[in-house]
Amino acid sequence: MEFFKHNTQINFMAQRKWAAMISIILFLFSMGALLMHGLNWGLDFTGGTQIQLSYPKAADLASIRDKLEAAGYPEAVVISYGTSKDVLVTLVPKDKTVALDKAMQEKMVQEVTGALQDAKVNEVNYIGPQVGKEMTSKSLLAIFFALMGTMVYIAFRFDMRFAISSTVALIHDPVLILGVFSYFNIEFNLIALAAVLTVIGYSLNDTIVIFDRVRENFRKMRKSDAVDVMNVSINQTLSRTIMTSAVTLIVVLCLFLLGGSLLHGFALALMIGIVVGTYSSIYVAGSLTIALGLTRHHLIPQLKAVDNRP
């Protein structure tokens, strides 16, 4: 099934200058939000205490928050965990640089259970600030090595111009996602980080499909310039791109609406990433490749003249 036929002739590259302006504005806005507000780091990065509770009947989250606020924990995060009877309480220490000893942890748990006497404690997890810092550094390294590995792969398979443009697109997408998280103060945890890394792979897949078609069309369309080849390649892969993005977006939307608050950050990052990744594959990676001066000679090896003279 196809949304668009192979003979569509949409001139995508005609809007590449406007698209570049939009991308630059969104990128600067996202960077500004990150610099001004930062990210609302989750427990995985900041350290803190998580208490898993269960109730004999459906838990009233608003009532639980009120009781914890009265007990001296106004910033406690309370979410449903698993079923409607299970609750996850997250307590982030005010001083994230000071590690809580065992006695202080037990005191916090006792105060929480004292405020929530009808709840049963299933499990208590504590993450220290040093562990949070280690996770932050490892997460940044994971993104860095993912981008570098991608750039090297594309440079060997296609051309350095493709490698640069795809890397810029892959930086563009996560920054926009993080900008939304920062501006709306949405918690960013390891689950959301996994979504960001997933978006990098998703966007790269779209980009590789277009680049592969560009290389193939350069061999077929010998008299066409790079802009025409890029337009034809995008049009030929448009149906596949729209179909894949639409189906994935429907699944992620269901996950966002029905998956519970614990998966909201993950689903939101994926939804933004699917839309932005589809856009960047065309108007960031594709347009930038043209701007870097891509020609037929960069992808098709030229035959050398053989001189048989003695």
# chains A, B, ... in the order shown; residues from 1 in each chain; ligands from 1
>>> closest_atom_pairs(of="segment 184-293 of chain A", to="segment 147-153 of chain A", cutoff="12 Å", atoms="only C-alpha atoms", output="CSV")
residue,atom,partner,partner_atom,distance
A:Leu197,CA,A:Leu147,CA,10.0
A:Ile200,CA,A:Leu147,CA,8.4
A:Gly201,CA,A:Thr150,CA,9.3
A:Ser203,CA,A:Thr150,CA,11.5
A:Leu204,CA,A:Thr150,CA,8.3
A:Asn205,CA,A:Thr150,CA,10.8
A:Thr207,CA,A:Thr150,CA,11.3
A:Ile208,CA,A:Thr150,CA,10.5
>>> write_last_selection(atoms="N, CA and C atoms", output="PDB file, in the first residue's frame")
ATOM      1  N   LEU A 197      18.133   8.001  22.024  1.00  0.00           N
ATOM      2  CA  LEU A 197      19.022   7.153  21.244  1.00  0.00           C
ATOM      3  C   LEU A 197      18.254   6.390  20.172  1.00  0.00           C
ATOM      4  N   ILE A 200      17.727   8.671  17.253  1.00  0.00           N
ATOM      5  CA  ILE A 200      18.931   8.793  16.423  1.00  0.00           C
ATOM      6  C   ILE A 200      18.969   7.670  15.392  1.00  0.00           C
ATOM      7  N   GLY A 201      18.702   6.453  15.841  1.00  0.00           N
ATOM      8  CA  GLY A 201      18.683   5.332  14.905  1.00  0.00           C
ATOM      9  C   GLY A 201      17.555   5.414  13.905  1.00  0.00           C
ATOM     10  N   SER A 203      15.987   8.183  12.773  1.00  0.00           N
ATOM     11  CA  SER A 203      16.274   9.241  11.811  1.00  0.00           C
ATOM     12  C   SER A 203      17.354   8.807  10.832  1.00  0.00           C
ATOM     13  N   LEU A 204      18.369   8.109  11.347  1.00  0.00           N
ATOM     14  CA  LEU A 204      19.448   7.640  10.485  1.00  0.00           C
ATOM     15  C   LEU A 204      18.930   6.654   9.439  1.00  0.00           C
ATOM     16  N   ASN A 205      17.990   5.813   9.823  1.00  0.00           N
ATOM     17  CA  ASN A 205      17.431   4.848   8.885  1.00  0.00           C
ATOM     18  C   ASN A 205      16.764   5.547   7.708  1.00  0.00           C
ATOM     19  N   THR A 207      17.398   8.567   6.655  1.00  0.00           N
ATOM     20  CA  THR A 207      18.436   9.261   5.894  1.00  0.00           C
ATOM     21  C   THR A 207      19.194   8.307   4.978  1.00  0.00           C
ATOM     22  N   ILE A 208      19.540   7.129   5.479  1.00  0.00           N
ATOM     23  CA  ILE A 208      20.281   6.153   4.681  1.00  0.00           C
ATOM     24  C   ILE A 208      19.463   5.707   3.475  1.00  0.00           C
TER      25      ILE A 208
END
>>> residues_around(residues="Val227 of chain A", least_positions_apart="6", cutoff="10 Å", atoms="only C-alpha atoms", output="compact mmCIF listing (two decimals) with N, CA and C atoms, in the first residue's frame")
# COMPACT_ATOMS: atom_id res chain seq x y z
N ASN A 11 8.59 19.31 -5.36
CA ASN A 11 9.89 19.97 -5.37
C ASN A 11 10.29 20.31 -3.93
N PHE A 12 10.81 19.33 -3.21
CA PHE A 12 11.19 19.54 -1.82
C PHE A 12 12.33 20.54 -1.68
N MET A 13 13.29 20.47 -2.57
CA MET A 13 14.48 21.31 -2.45
C MET A 13 14.19 22.78 -2.71
N ALA A 14 13.03 23.09 -3.27
CA ALA A 14 12.69 24.50 -3.52
C ALA A 14 12.48 25.24 -2.20
N SER A 233 14.73 11.30 -5.66
CA SER A 233 15.00 10.27 -4.66
C SER A 233 14.04 10.39 -3.47
N GLY A 286 19.33 16.09 3.59
CA GLY A 286 19.29 16.23 2.14
C GLY A 286 19.72 17.60 1.66
N SER A 287 19.18 18.64 2.27
CA SER A 287 19.50 20.01 1.84
C SER A 287 20.96 20.35 2.09
N THR A 289 23.48 18.33 2.17
CA THR A 289 24.32 17.63 1.20
C THR A 289 24.43 18.42 -0.09
N ILE A 290 23.31 19.00 -0.53
CA ILE A 290 23.34 19.85 -1.72
C ILE A 290 24.18 21.08 -1.48
N ALA A 291 24.03 21.68 -0.29
CA ALA A 291 24.78 22.90 0.03
C ALA A 291 26.28 22.64 0.09
N LEU A 294 27.49 18.52 -3.46
CA LEU A 294 27.47 17.14 -3.95
C LEU A 294 27.28 17.11 -5.47
N THR A 295 28.08 16.31 -6.15
CA THR A 295 27.94 16.09 -7.59
C THR A 295 28.05 14.60 -7.89
>>> atom_distance(atom1="atom CA of Ala269 of chain A", atom2="atom CA of Gly82 of chain A")
20.9 Å
>>> closest_residue(among="A:Ala59, A:Ala71, A:Asp228, A:Val196", to="Leu176 of chain A", atoms="only C-alpha atoms")
A:Val196
>>> select_by_dssp(residues="segment 63-201 of chain A", states="alpha helix (DSSP H)", output="VMD selection string")
chain A and resid 63 to 70 102 to 115 129 to 157 160 to 183 190 to 201
>>> atom_distance(atom1="atom CA of Ile154 of chain A", atom2="atom CA of Asp212 of chain A")
10.4 Å
>>> residues_around(residues="Ile177 of chain A", least_positions_apart="2", cutoff="10 Å", atoms="only C-alpha atoms", output="PDB file with C-alpha atoms, in the first residue's frame")
ATOM      1  CA  PHE A  27      17.730  24.797  17.231  1.00  0.00           C
ATOM      2  CA  SER A  30      16.133  24.669  22.104  1.00  0.00           C
ATOM      3  CA  HIS A 172      19.642  18.552  15.287  1.00  0.00           C
ATOM      4  CA  ASP A 173      17.013  15.979  16.318  1.00  0.00           C
ATOM      5  CA  PRO A 174      18.087  15.252  19.937  1.00  0.00           C
ATOM      6  CA  VAL A 175      18.646  18.961  20.666  1.00  0.00           C
ATOM      7  CA  GLY A 179      14.632  21.671  24.166  1.00  0.00           C
ATOM      8  CA  VAL A 180      10.997  20.593  24.537  1.00  0.00           C
ATOM      9  CA  PHE A 181      11.810  18.683  27.726  1.00  0.00           C
ATOM     10  CA  SER A 182      13.645  21.708  29.109  1.00  0.00           C
ATOM     11  CA  ALA A 192      13.765   9.206  28.030  1.00  0.00           C
ATOM     12  CA  ALA A 195      14.060   7.185  23.482  1.00  0.00           C
ATOM     13  CA  VAL A 196      16.554   9.831  22.325  1.00  0.00           C
ATOM     14  CA  VAL A 199      15.321   8.520  17.604  1.00  0.00           C
ATOM     15  CA  LEU A 268       6.828  11.921  24.165  1.00  0.00           C
ATOM     16  CA  ALA A 269      10.483  11.838  23.111  1.00  0.00           C
ATOM     17  CA  LEU A 270       9.665   9.237  20.455  1.00  0.00           C
ATOM     18  CA  MET A 271       6.697  11.213  19.110  1.00  0.00           C
ATOM     19  CA  ILE A 272       8.780  14.365  18.759  1.00  0.00           C
ATOM     20  CA  GLY A 273      11.657  12.370  17.316  1.00  0.00           C
ATOM     21  CA  VAL A 276      11.512  15.818  13.603  1.00  0.00           C
TER      22      VAL A 276
END
>>> closest_residue(among="A:Val251, A:Met31, A:Met21, A:Leu116", to="Lys67 of chain A", atoms="only C-alpha atoms")
A:Leu116
>>> residues_around(residues="Ser54 of chain A", least_positions_apart="4", cutoff="7 Å", atoms="only C-alpha atoms", output="MDAnalysis selection string")
chainID A and resid 85:87 119:122
>>> closest_residue(among="A:Glu75, A:Ser224, A:Ser23, A:Arg65", to="Tyr279 of chain A", atoms="only C-alpha atoms")
A:Ser23
>>> closest_residue(among="A:Asn185, A:Ser63, A:Gln50, A:Gln117", to="Val77 of chain A", atoms="only C-alpha atoms")
A:Gln50
>>> select_by_dssp(residues="segment 70-248 of chain A", states="strand (DSSP E)", output="ChimeraX atom specification")
/A:77-81,83-91,120-127,187-188
>>> closest_residue(among="A:Leu288, A:Phe145, A:Val168, A:Thr90", to="Ala19 of chain A", atoms="only C-alpha atoms")
A:Leu288
>>> closest_residue(among="A:Glu134, A:Glu69, A:Asp44, A:Asp206", to="Val92 of chain A", atoms="only C-alpha atoms")
A:Asp44
>>> atom_distance(atom1="atom CA of Ile25 of chain A", atom2="atom CA of Val275 of chain A")
16.8 Å
